[in-house]
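Student: Got structure22.pdb for you, PDB, C-alpha atoms:
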```pdb
MODEL        1
ATOM      1  CA  ASP D 420     -80.945 -77.756 -49.139
ATOM      2  CA  LYS D 421     -79.209 -75.767 -51.874
ATOM      3  CA  ASN D 422     -80.195 -78.278 -54.547
ATOM      4  CA  SER D 423     -83.853 -78.103 -53.595
ATOM      5  CA  GLU D 424     -83.675 -74.283 -53.511
ATOM      6  CA  SER D 425     -82.180 -74.128 -57.024
ATOM      7  CA  ILE D 426     -84.893 -76.444 -58.261
ATOM      8  CA  GLU D 427     -87.551 -74.251 -56.662
ATOM      9  CA  ILE D 428     -86.004 -71.125 -58.230
ATOM     10  CA  LYS D 429     -86.142 -72.657 -61.671
ATOM     11  CA  LYS D 430     -89.811 -73.452 -61.119
ATOM     12  CA  ILE D 431     -90.680 -69.828 -60.159
ATOM     13  CA  ASP D 432     -93.226 -68.629 -62.657
ATOM     14  CA  LEU D 433     -93.970 -64.953 -62.196
ATOM     15  CA  SER D 434     -97.065 -65.146 -64.418
ATOM     16  CA  THR D 435     -98.913 -66.983 -61.647
ATOM     17  CA  PHE D 436     -98.468 -64.065 -59.250
ATOM     18  CA  LYS D 437    -100.605 -60.913 -59.499
ATOM     19  CA  SER D 438     -98.500 -58.720 -57.231
ATOM     20  CA  ALA D 439     -95.191 -58.570 -55.417
ATOM     21  CA  GLU D 440     -96.956 -59.242 -52.091
ATOM     22  CA  ASP D 441     -98.238 -62.568 -53.429
ATOM     23  CA  LEU D 442     -94.693 -63.427 -54.585
ATOM     24  CA  ASN D 443     -93.338 -62.540 -51.152
ATOM     25  CA  ASP D 444     -95.896 -64.703 -49.386
ATOM     26  CA  ALA D 445     -95.288 -67.685 -51.670
ATOM     27  CA  VAL D 446     -91.480 -67.708 -52.021
ATOM     28  CA  ASN D 447     -88.781 -67.739 -49.332
ATOM     29  CA  GLY D 448     -86.577 -64.614 -48.987
ATOM     30  CA  ASP D 449     -83.330 -66.506 -49.495
ATOM     31  CA  ILE D 450     -84.618 -67.951 -52.739
ATOM     32  CA  LEU D 451     -85.515 -64.446 -53.920
ATOM     33  CA  LYS D 452     -82.027 -63.281 -52.972
ATOM     34  CA  THR D 453     -80.387 -66.097 -54.940
ATOM     35  CA  GLU D 454     -82.504 -65.397 -58.008
ATOM     36  CA  LEU D 455     -81.791 -61.675 -57.897
ATOM     37  CA  SER D 456     -78.038 -62.242 -57.613
ATOM     38  CA  ARG D 457     -78.223 -64.605 -60.590
ATOM     39  CA  LEU D 458     -79.884 -61.871 -62.653
ATOM     40  CA  GLY D 459     -77.295 -59.300 -61.473
ATOM     41  CA  MET D 460     -79.839 -57.274 -59.517
ATOM     42  CA  LYS D 461     -79.618 -55.883 -55.999
ATOM     43  CA  CYS D 462     -80.477 -58.569 -53.438
ATOM     44  CA  GLY D 463     -80.381 -56.577 -50.190
ATOM     45  CA  GLY D 464     -83.160 -55.189 -48.054
ATOM     46  CA  LYS D 465     -86.345 -56.816 -46.743
ATOM     47  CA  PRO D 466     -87.923 -59.847 -48.442
ATOM     48  CA  LEU D 467     -90.749 -57.608 -49.741
ATOM     49  CA  ASP D 468     -88.208 -55.311 -51.405
ATOM     50  CA  ARG D 469     -86.586 -58.331 -53.050
ATOM     51  CA  ALA D 470     -89.969 -59.560 -54.281
ATOM     52  CA  LYS D 471     -90.735 -56.111 -55.774
ATOM     53  CA  ARG D 472     -87.437 -56.082 -57.676
ATOM     54  CA  LEU D 473     -87.929 -59.600 -58.995
ATOM     55  CA  PHE D 474     -91.546 -58.856 -59.915
ATOM     56  CA  LEU D 475     -90.322 -56.026 -62.199
ATOM     57  CA  THR D 476     -88.906 -58.668 -64.547
ATOM     58  CA  LYS D 477     -92.396 -60.123 -65.160
ATOM     59  CA  ASP D 478     -93.373 -57.680 -67.919
ATOM     60  CA  THR D 479     -90.095 -55.750 -68.499
ATOM     61  CA  PRO D 480     -86.946 -57.206 -70.040
ATOM     62  CA  LEU D 481     -83.675 -56.780 -68.134
ATOM     63  CA  ASP D 482     -82.117 -54.289 -70.584
ATOM     64  CA  LYS D 483     -85.019 -51.860 -70.105
ATOM     65  CA  LEU D 484     -85.041 -51.895 -66.334
ATOM     66  CA  PRO D 485     -83.612 -48.856 -64.500
ATOM     67  CA  LYS D 486     -79.968 -49.042 -63.510
ATOM     68  CA  LYS D 487     -80.711 -48.458 -59.855
ATOM     69  CA  VAL D 488     -82.135 -51.997 -59.462
ATOM     70  CA  PHE D 489     -78.930 -53.627 -60.640
ATOM     71  CA  ALA D 490     -75.965 -54.291 -58.399
ATOM     72  CA  LYS D 491     -72.830 -52.226 -58.948
ATOM     73  CA  SER D 492     -69.872 -53.905 -60.592
ATOM     74  CA  LYS D 493     -67.214 -54.939 -58.106
ATOM     75  CA  LYS D 494     -64.084 -52.802 -58.022
ATOM     76  CA  ILE D 495     -60.770 -54.453 -58.602
ATOM     77  CA  SER D 496     -59.074 -54.903 -55.268
ATOM     78  CA  SER D 497     -55.732 -53.344 -54.547
ATOM     79  CA  GLU D 498     -54.231 -56.808 -54.156
ATOM     80  CA  SER D 499     -55.260 -57.828 -57.643
ATOM     81  CA  LYS D 500     -53.904 -54.528 -58.980
ATOM     82  CA  ASP D 501     -50.598 -55.124 -57.230
ATOM     83  CA  THR D 502     -50.488 -58.653 -58.622
ATOM     84  CA  ALA D 503     -51.076 -57.378 -62.160
ATOM     85  CA  ASN D 504     -48.485 -54.624 -61.760
ATOM     86  CA  ASN D 505     -45.959 -57.083 -60.391
ATOM     87  CA  LYS D 506     -46.591 -59.351 -63.324
ATOM     88  CA  ILE D 507     -46.024 -56.470 -65.786
ATOM     89  CA  LEU D 508     -42.888 -55.390 -63.936
ATOM     90  CA  GLY D 509     -41.598 -58.935 -63.951
ATOM     91  CA  GLU D 510     -42.073 -59.143 -67.720
ATOM     92  CA  ARG D 511     -40.309 -55.808 -68.168
ATOM     93  CA  ARG D 512     -37.408 -56.939 -65.990
ATOM     94  CA  VAL D 513     -37.061 -60.084 -68.070
ATOM     95  CA  ASP D 514     -37.001 -57.976 -71.257
ATOM     96  CA  LEU D 515     -34.424 -55.621 -69.757
ATOM     97  CA  ALA D 516     -32.241 -58.507 -68.621
ATOM     98  CA  ARG D 517     -32.406 -60.012 -72.121
ATOM     99  CA  GLU D 518     -31.406 -56.675 -73.701
ATOM    100  CA  GLU D 519     -28.563 -56.241 -71.180
ATOM    101  CA  VAL D 520     -27.204 -59.674 -72.065
ATOM    102  CA  ILE D 521     -27.295 -58.781 -75.773
ATOM    103  CA  VAL D 522     -25.561 -55.422 -75.207
ATOM    104  CA  THR D 523     -22.907 -57.035 -72.991
ATOM    105  CA  ALA D 524     -22.182 -59.669 -75.628
ATOM    106  CA  LEU D 525     -21.824 -57.010 -78.350
ATOM    107  CA  LEU D 526     -19.605 -54.915 -76.062
ATOM    108  CA  ASP D 527     -17.318 -57.906 -75.423
ATOM    109  CA  GLN D 528     -16.927 -58.362 -79.174
ATOM    110  CA  LEU D 529     -16.082 -54.676 -79.642
ATOM    111  CA  ARG D 530     -13.786 -54.465 -76.574
ATOM    112  CA  PRO D 531     -10.455 -54.787 -78.489
ATOM    113  CA  THR D 532     -11.529 -52.060 -80.922
ATOM    114  CA  LEU D 533     -12.646 -49.745 -78.095
ATOM    115  CA  ASP D 534      -9.401 -50.244 -76.145
ATOM    116  CA  ALA D 535      -7.336 -49.514 -79.240
ATOM    117  CA  THR D 536      -9.381 -46.358 -79.893
ATOM    118  CA  ILE D 537      -8.862 -45.135 -76.303
ATOM    119  CA  ARG D 538      -5.099 -45.732 -76.498
ATOM    120  CA  ARG D 539      -4.912 -43.945 -79.827
ATOM    121  CA  ALA D 540      -6.865 -40.929 -78.511
ATOM    122  CA  GLU D 541      -4.616 -40.662 -75.420
ATOM    123  CA  ARG D 542      -1.506 -40.911 -77.564
ATOM    124  CA  ARG D 543      -2.726 -38.201 -79.953
ATOM    125  CA  HIS D 544      -3.346 -35.846 -77.012
ATOM    126  CA  ALA D 545       0.308 -36.170 -76.020
ATOM    127  CA  GLN D 546       1.681 -35.738 -79.565
ATOM    128  CA  THR D 547       2.693 -32.590 -81.350
ATOM    129  CA  THR D 548       1.328 -31.622 -84.753
ATOM    130  CA  LYS D 549       4.493 -32.830 -86.453
ATOM    131  CA  GLU D 550       4.284 -36.244 -84.770
ATOM    132  CA  ARG D 551       0.630 -36.603 -85.769
ATOM    133  CA  ASP D 552       1.405 -35.830 -89.392
ATOM    134  CA  GLN D 553       4.293 -38.280 -89.324
ATOM    135  CA  GLU D 554       2.103 -41.037 -87.873
ATOM    136  CA  LEU D 555      -0.553 -40.362 -90.515
ATOM    137  CA  GLU D 556       2.040 -40.607 -93.276
ATOM    138  CA  GLU D 557       3.310 -43.890 -91.850
ATOM    139  CA  GLU D 558      -0.227 -45.296 -91.876
ATOM    140  CA  LEU D 559      -0.744 -44.191 -95.490
ATOM    141  CA  TYR D 560       2.651 -45.000 -97.021
ATOM    142  CA  GLY D 561       4.187 -47.440 -94.519
ATOM    143  CA  SER D 562       7.311 -49.167 -95.873
ATOM    144  CA  TYR D 563       8.076 -46.405 -98.379
ATOM    145  CA  LEU D 564       8.808 -43.942 -95.561
ATOM    146  CA  ALA D 565      10.896 -46.549 -93.740
ATOM    147  CA  GLU D 566      13.197 -46.847 -96.769
ATOM    148  CA  ILE D 567      13.506 -43.060 -97.001
ATOM    149  CA  GLU D 568      14.475 -42.884 -93.307
ATOM    150  CA  ARG D 569      17.135 -45.532 -93.811
ATOM    151  CA  LYS D 570      18.654 -43.509 -96.635
ATOM    152  CA  LYS D 571      18.586 -40.395 -94.474
ATOM    153  CA  ALA D 572      20.289 -42.299 -91.640
ATOM    154  CA  LYS D 573      23.125 -43.313 -93.971
ATOM    155  CA  ASP D 574      23.588 -39.731 -95.158
ATOM    156  CA  GLY D 575      23.027 -38.165 -91.715
ATOM    157  CA  ASN D 576      26.565 -38.377 -90.338
ATOM    158  CA  GLY D 577      27.505 -35.025 -91.836
ATOM    159  CA  SER D 578      24.425 -33.286 -90.399
ATOM    160  CA  GLU D 579      25.202 -34.614 -86.887
ATOM    161  CA  GLU D 580      28.693 -33.168 -87.055
ATOM    162  CA  SER D 581      27.291 -29.791 -88.126
ATOM    163  CA  ASP D 582      24.841 -29.847 -85.163
ATOM    164  CA  GLU D 583      27.728 -30.465 -82.764
ATOM    165  CA  GLU D 584      29.614 -27.546 -84.262
ATOM    166  CA  GLU D 585      26.568 -25.306 -83.779
ATOM    167  CA  GLU D 586      26.349 -26.300 -80.113
ATOM    168  CA  ASP D 587      30.035 -25.541 -79.535
ATOM    169  CA  THR D 588      29.833 -22.051 -81.060
ATOM    170  CA  PRO D 589      29.651 -19.233 -78.414
ATOM    171  CA  ILE D 590      26.325 -17.447 -77.899
ATOM    172  CA  TYR D 591      26.174 -13.933 -79.353
ATOM    173  CA  ASN D 592      25.257 -11.646 -76.435
ATOM    174  CA  PRO D 593      26.897  -8.208 -76.842
ATOM    175  CA  LYS D 594      24.606  -6.359 -74.367
ATOM    176  CA  GLY D 595      25.095  -8.810 -71.504
ATOM    177  CA  VAL D 596      21.439  -9.860 -71.364
ATOM    178  CA  PRO D 597      20.741 -12.626 -68.773
ATOM    179  CA  LEU D 598      20.186 -16.144 -70.076
ATOM    180  CA  GLY D 599      16.776 -17.793 -70.028
ATOM    181  CA  TRP D 600      15.721 -21.340 -69.169
ATOM    182  CA  ASP D 601      16.901 -22.602 -72.590
ATOM    183  CA  GLY D 602      20.418 -21.215 -72.154
ATOM    184  CA  LYS D 603      19.823 -18.402 -74.643
ATOM    185  CA  PRO D 604      19.619 -14.644 -73.948
ATOM    186  CA  ILE D 605      16.129 -13.438 -73.066
ATOM    187  CA  PRO D 606      14.488 -10.896 -75.441
ATOM    188  CA  TYR D 607      15.777  -7.353 -75.057
ATOM    189  CA  TRP D 608      12.274  -5.896 -74.558
ATOM    190  CA  LEU D 609      11.776  -8.242 -71.598
ATOM    191  CA  PHE D 610      15.199  -7.221 -70.311
ATOM    192  CA  LYS D 611      14.136  -3.537 -70.385
ATOM    193  CA  LEU D 612      10.651  -4.261 -69.005
ATOM    194  CA  HIS D 613      11.994  -5.758 -65.763
ATOM    195  CA  GLY D 614      14.609  -3.010 -65.443
ATOM    196  CA  LEU D 615      17.481  -5.486 -65.472
ATOM    197  CA  ASN D 616      19.741  -2.816 -66.985
ATOM    198  CA  HIS D 617      19.756  -0.938 -63.629
ATOM    199  CA  PHE D 618      21.878  -1.931 -60.626
ATOM    200  CA  TYR D 619      21.042  -0.944 -57.026
ATOM    201  CA  LEU D 620      23.770  -0.790 -54.359
ATOM    202  CA  CYS D 621      23.136  -1.603 -50.669
ATOM    203  CA  GLU D 622      25.790  -0.456 -48.190
ATOM    204  CA  ILE D 623      24.182  -2.342 -45.294
ATOM    205  CA  CYS D 624      24.622  -5.656 -47.160
ATOM    206  CA  GLY D 625      28.363  -4.984 -47.653
ATOM    207  CA  ASN D 626      28.071  -2.913 -50.878
ATOM    208  CA  GLU D 627      26.154  -5.708 -52.606
ATOM    209  CA  SER D 628      24.579  -4.701 -55.942
ATOM    210  CA  TYR D 629      21.166  -6.004 -57.057
ATOM    211  CA  ARG D 630      20.058  -6.187 -60.671
ATOM    212  CA  GLY D 631      16.543  -4.949 -61.330
ATOM    213  CA  ARG D 632      14.042  -3.219 -59.078
ATOM    214  CA  ARG D 633      12.248  -6.438 -58.209
ATOM    215  CA  ASN D 634      15.363  -8.137 -56.813
ATOM    216  CA  PHE D 635      16.278  -4.935 -54.951
ATOM    217  CA  GLU D 636      12.857  -4.689 -53.254
ATOM    218  CA  LYS D 637      12.891  -8.369 -52.380
ATOM    219  CA  HIS D 638      16.319  -8.328 -50.692
ATOM    220  CA  PHE D 639      15.086  -6.209 -47.722
ATOM    221  CA  ALA D 640      13.297  -9.282 -46.373
ATOM    222  CA  GLU D 641      16.202 -11.653 -46.992
ATOM    223  CA  ALA D 642      18.633 -12.960 -44.372
ATOM    224  CA  LYS D 643      21.677 -11.011 -45.601
ATOM    225  CA  HIS D 644      20.054  -7.591 -45.130
ATOM    226  CA  ALA D 645      18.553  -8.636 -41.780
ATOM    227  CA  TYR D 646      22.030  -9.705 -40.586
ATOM    228  CA  GLY D 647      23.482  -6.330 -41.602
ATOM    229  CA  MET D 648      20.776  -4.481 -39.643
ATOM    230  CA  LYS D 649      21.395  -6.721 -36.634
ATOM    231  CA  CYS D 650      25.101  -5.860 -36.705
ATOM    232  CA  LEU D 651      24.150  -2.165 -36.557
ATOM    233  CA  GLY D 652      21.883  -2.822 -33.561
ATOM    234  CA  ILE D 653      18.781  -1.768 -35.473
ATOM    235  CA  PRO D 654      15.642  -3.891 -35.844
ATOM    236  CA  ASN D 655      14.762  -4.753 -39.436
ATOM    237  CA  THR D 656      11.257  -3.267 -39.480
ATOM    238  CA  LYS D 657       9.170  -1.735 -42.237
ATOM    239  CA  HIS D 658      10.374   1.734 -41.228
ATOM    240  CA  PHE D 659      13.768   0.942 -42.769
ATOM    241  CA  HIS D 660      12.440  -0.462 -46.052
ATOM    242  CA  GLY D 661      14.286   1.285 -48.886
ATOM    243  CA  VAL D 662      17.158   2.541 -46.689
ATOM    244  CA  THR D 663      20.510   1.298 -48.022
ATOM    245  CA  LYS D 664      23.089   3.569 -46.370
ATOM    246  CA  ILE D 665      24.364   3.010 -42.826
ATOM    247  CA  GLU D 666      24.262   6.699 -41.823
ATOM    248  CA  ASP D 667      20.671   7.086 -42.994
ATOM    249  CA  ALA D 668      19.608   3.983 -41.065
ATOM    250  CA  GLN D 669      21.325   5.163 -37.849
ATOM    251  CA  GLU D 670      19.842   8.670 -38.118
ATOM    252  CA  LEU D 671      16.356   7.292 -38.712
ATOM    253  CA  TRP D 672      16.750   4.968 -35.723
ATOM    254  CA  ARG D 673      17.685   7.918 -33.443
ATOM    255  CA  LYS D 674      14.596   9.850 -34.589
ATOM    256  CA  LEU D 675      12.392   6.838 -33.972
ATOM    257  CA  GLN D 676      13.854   6.400 -30.482
ATOM    258  CA  THR D 677      13.139  10.045 -29.535
ATOM    259  CA  SER D 678       9.585   9.874 -30.869
ATOM    260  CA  LEU D 679       9.021   6.588 -29.057
ATOM    261  CA  SER D 680      10.425   7.969 -25.798
ATOM    262  CA  LYS D 681       7.956  10.877 -26.020
ATOM    263  CA  GLU D 682       5.114   8.480 -26.523
ATOM    264  CA  ASN D 683       6.145   6.310 -23.530
ATOM    265  CA  PHE D 684       4.196   6.735 -20.285
ATOM    266  CA  ASP D 685       6.117   8.576 -17.486
ATOM    267  CA  GLY D 686       4.492   7.890 -14.135
ATOM    268  CA  ALA D 687       6.120  10.868 -12.377
ATOM    269  CA  LYS D 688       4.694  13.338 -14.908
ATOM    270  CA  ASP D 689       1.642  11.695 -16.354
ATOM    271  CA  GLU D 690       0.200   9.998 -13.263
ATOM    272  CA  GLU D 691      -2.334  12.282 -11.486
ATOM    273  CA  TYR D 692      -3.573  12.456  -7.867
ATOM    274  CA  GLU D 693      -6.526  14.242  -6.292
ATOM    275  CA  ASP D 694      -6.465  15.803  -2.802
ATOM    276  CA  SER D 695      -9.329  16.143  -0.330
ATOM    277  CA  HIS D 696     -10.411  19.478  -1.836
ATOM    278  CA  GLY D 697     -10.679  18.011  -5.347
ATOM    279  CA  ASN D 698      -7.480  19.537  -6.702
ATOM    280  CA  VAL D 699      -5.734  17.384  -9.370
ATOM    281  CA  LEU D 700      -1.929  17.241  -8.999
ATOM    282  CA  SER D 701       0.874  15.287 -10.593
ATOM    283  CA  ARG D 702       2.448  12.504  -8.600
ATOM    284  CA  THR D 703       5.677  14.426  -7.830
ATOM    285  CA  SER D 704       3.767  17.543  -6.637
ATOM    286  CA  TYR D 705       1.421  15.473  -4.540
ATOM    287  CA  GLU D 706       4.297  13.623  -2.841
ATOM    288  CA  ASP D 707       6.201  16.898  -2.128
ATOM    289  CA  LEU D 708       3.125  18.514  -0.511
ATOM    290  CA  ALA D 709       2.448  15.349   1.438
ATOM    291  CA  ARG D 710       5.968  15.377   2.882
ATOM    292  CA  GLN D 711       5.549  18.998   3.959
ATOM    293  CA  GLY D 712       2.224  18.208   5.619
ATOM    294  CA  LEU D 713       0.307  20.729   3.496
ATOM    295  CA  LEU D 714      -2.369  18.304   2.378
TER     296      LEU D 714
ENDMDL
END
```
Could you take the file, read its structure, and then write that structure out as structure tokens?

Tutor:
Amino acid sequence: DKNSESIEIKKIDLSTFKSAEDLNDAVNGDILKTELSRLGMKCGGKPLDRAKRLFLTKDTPLDKLPKKVFAKSKKISSESKDTANNKILGERRVDLAREEVIVTALLDQLRPTLDATIRRAERRHAQTTKERDQELEEELYGSYLAEIERKKAKDGNGSEESDEEEEDTPIYNPKGVPLGWDGKPIPYWLFKLHGLNHFYLCEICGNESYRGRRNFEKHFAEAKHAYGMKCLGIPNTKHFHGVTKIEDAQELWRKLQTSLSKENFDGAKDEEYEDSHGNVLSRTSYEDLARQGLL
């Protein structure tokens, strides 16, 4: 039994044994194994090897024995490591959740201030410098500016009438410069830059005049010029770009027709035949000789 074995182990007195062989003969191997494991020593091998290890402790204390007789410390299993890591991660998650709750609560308290700041920033992006300065003055002086504006409103009837008179006055434009998007004449340097002081006449479009080189170049691809070319029986191709007179267009079209007719393939002249002797003849010559029976 285990109880009897433990009692026998306690009664082992190494001083009564002269050698490890005597210890091996007197004590059971399992008892030696149990005693060695209790002392933290290696308990494997044959019973004689166990007796030799245990016999070393007769005259030598445990701290002076060589390390090779002691059992190695057990390594921590991967499962225990995973359990420890999971425990640490769980504690960290709890801490993070606690901090998130605190941050969320603070954010809820600051939400009205943050929303007001966002609206103010968006409004300032859409304001001009004058409107920003005016808003700043209203924040600083408040009611004082409101009273000043009321006084200005009472005295502003005369200024409104003067503004209406300014709108009714005719625009001063002695050089006939075209008007811009604001209803005022464009700058004269811009007028000269685009060549708007030059007019170009197109006879094909019914003597229509175009102001500026850009408008003149653009009108060749428009429907009015294409209709004029169609009435003349001429295709509106790139060959006629820049031609504005009817005679010039018709003369150029005749030249193009002659050059195109030369480039066209004529089967009677250009098609070649070969007789039995290897002579190369045109189609007309070959047919004439064939009719005469000379081939």

Student: Show me, as a PyMOL selection string, the residues that have an atom within 10 Å of segment 462-473 of chain D when counting only C-alpha atoms, minus same-chain residues fewer than 4 positions from it.

Tutor: chain D and resi 433+438-444+446-458+477+484+488-490

Student: For a quick check of understanding, using only C-alpha atoms, which of D:Ile567, D:Glu541, D:His660, D:Leu620 has the smallest distance to Phe639 of chain D?

Tutor: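 Closest candidate: D:His660.
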
Student: Counting all atoms listed in the file, which residues sit no farther than 12 Å from the position (11.4, -7.2, -66.0) in the file's frame? I'd like them as a ChimeraX atom specification.

Tutor: /D:596-597,605-617,630-634

Student: Using only C-alpha atoms, determine which residues lie at most 12 Å from Asp667 of chain D, disregarding the query and same-chain residues fewer than 5 positions distant; provide the list as a list in words.

Tutor: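 Counting only the stated atoms, we get Cys621, Glu622, Ile623, Leu651, Ile653, His658, Phe659, His660, Gly661, Val662, Trp672, Arg673 and Lys674 of chain D.
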
Student: Separation of atom CA of Asp601 of chain D and atom CA of Gln546 of chain D, in Å?

Tutor: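 Value for the atom CA of Asp601 of chain D-atom CA of Gln546 of chain D distance: 21.3 Å.
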
Student: Nearest to Asp694 of chain D: which of D:Ala668, D:Glu706, D:Asp514, D:Leu714 is it, counting all atoms listed in the file?

Tutor: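 Closest residue, counting all atoms listed in the file: D:Leu714.
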
Student: Taking only C-alpha atoms into account, name the residue in D:Leu508, D:Cys624, D:Leu481, D:Ile665 that is nearest to Tyr646 of chain D.

Tutor: D:Cys624

Student: Mind checking which residues fall within 6 Å of Leu700 of chain D, counting only C-alpha atoms, ignoring those fewer than 3 positions away in the same chain, and posting them as a compact mmCIF listing (two decimals) with C-alpha atoms, keeping the file's coordinate frame?

Tutor:
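part-v1.txt, written as the output of this step:
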```txt
# COMPACT_ATOMS: atom_id res chain seq x y z
CA GLU D 691 -2.33 12.28 -11.49
CA TYR D 692 -3.57 12.46 -7.87
CA TYR D 705 1.42 15.47 -4.54
```

Student: Just how far from atom CA of Thr656 of chain D is atom CA of Gln676 of chain D, in Å to one decimal?

Tutor: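 According to the coordinates, atom CA of Gln676 of chain D and atom CA of Thr656 of chain D are separated by 13.5 Å.
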
Student: Have a look at D:Lys643, D:Arg542, D:His638, D:Lys649 and name the one nearest to Gln669 of chain D; count all atoms listed in the file.

Tutor: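 Among D:Lys643, D:Arg542, D:His638, D:Lys649, it is D:Lys649 that comes nearest to Gln669 of chain D.
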
Student: Provide the atom CA of Ile537 of chain D to atom CA of Leu555 of chain D distance in Å, to one decimal place.

Tutor: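 Taking atom CA of Ile537 of chain D and atom CA of Leu555 of chain D, their separation equals 17.1 Å.
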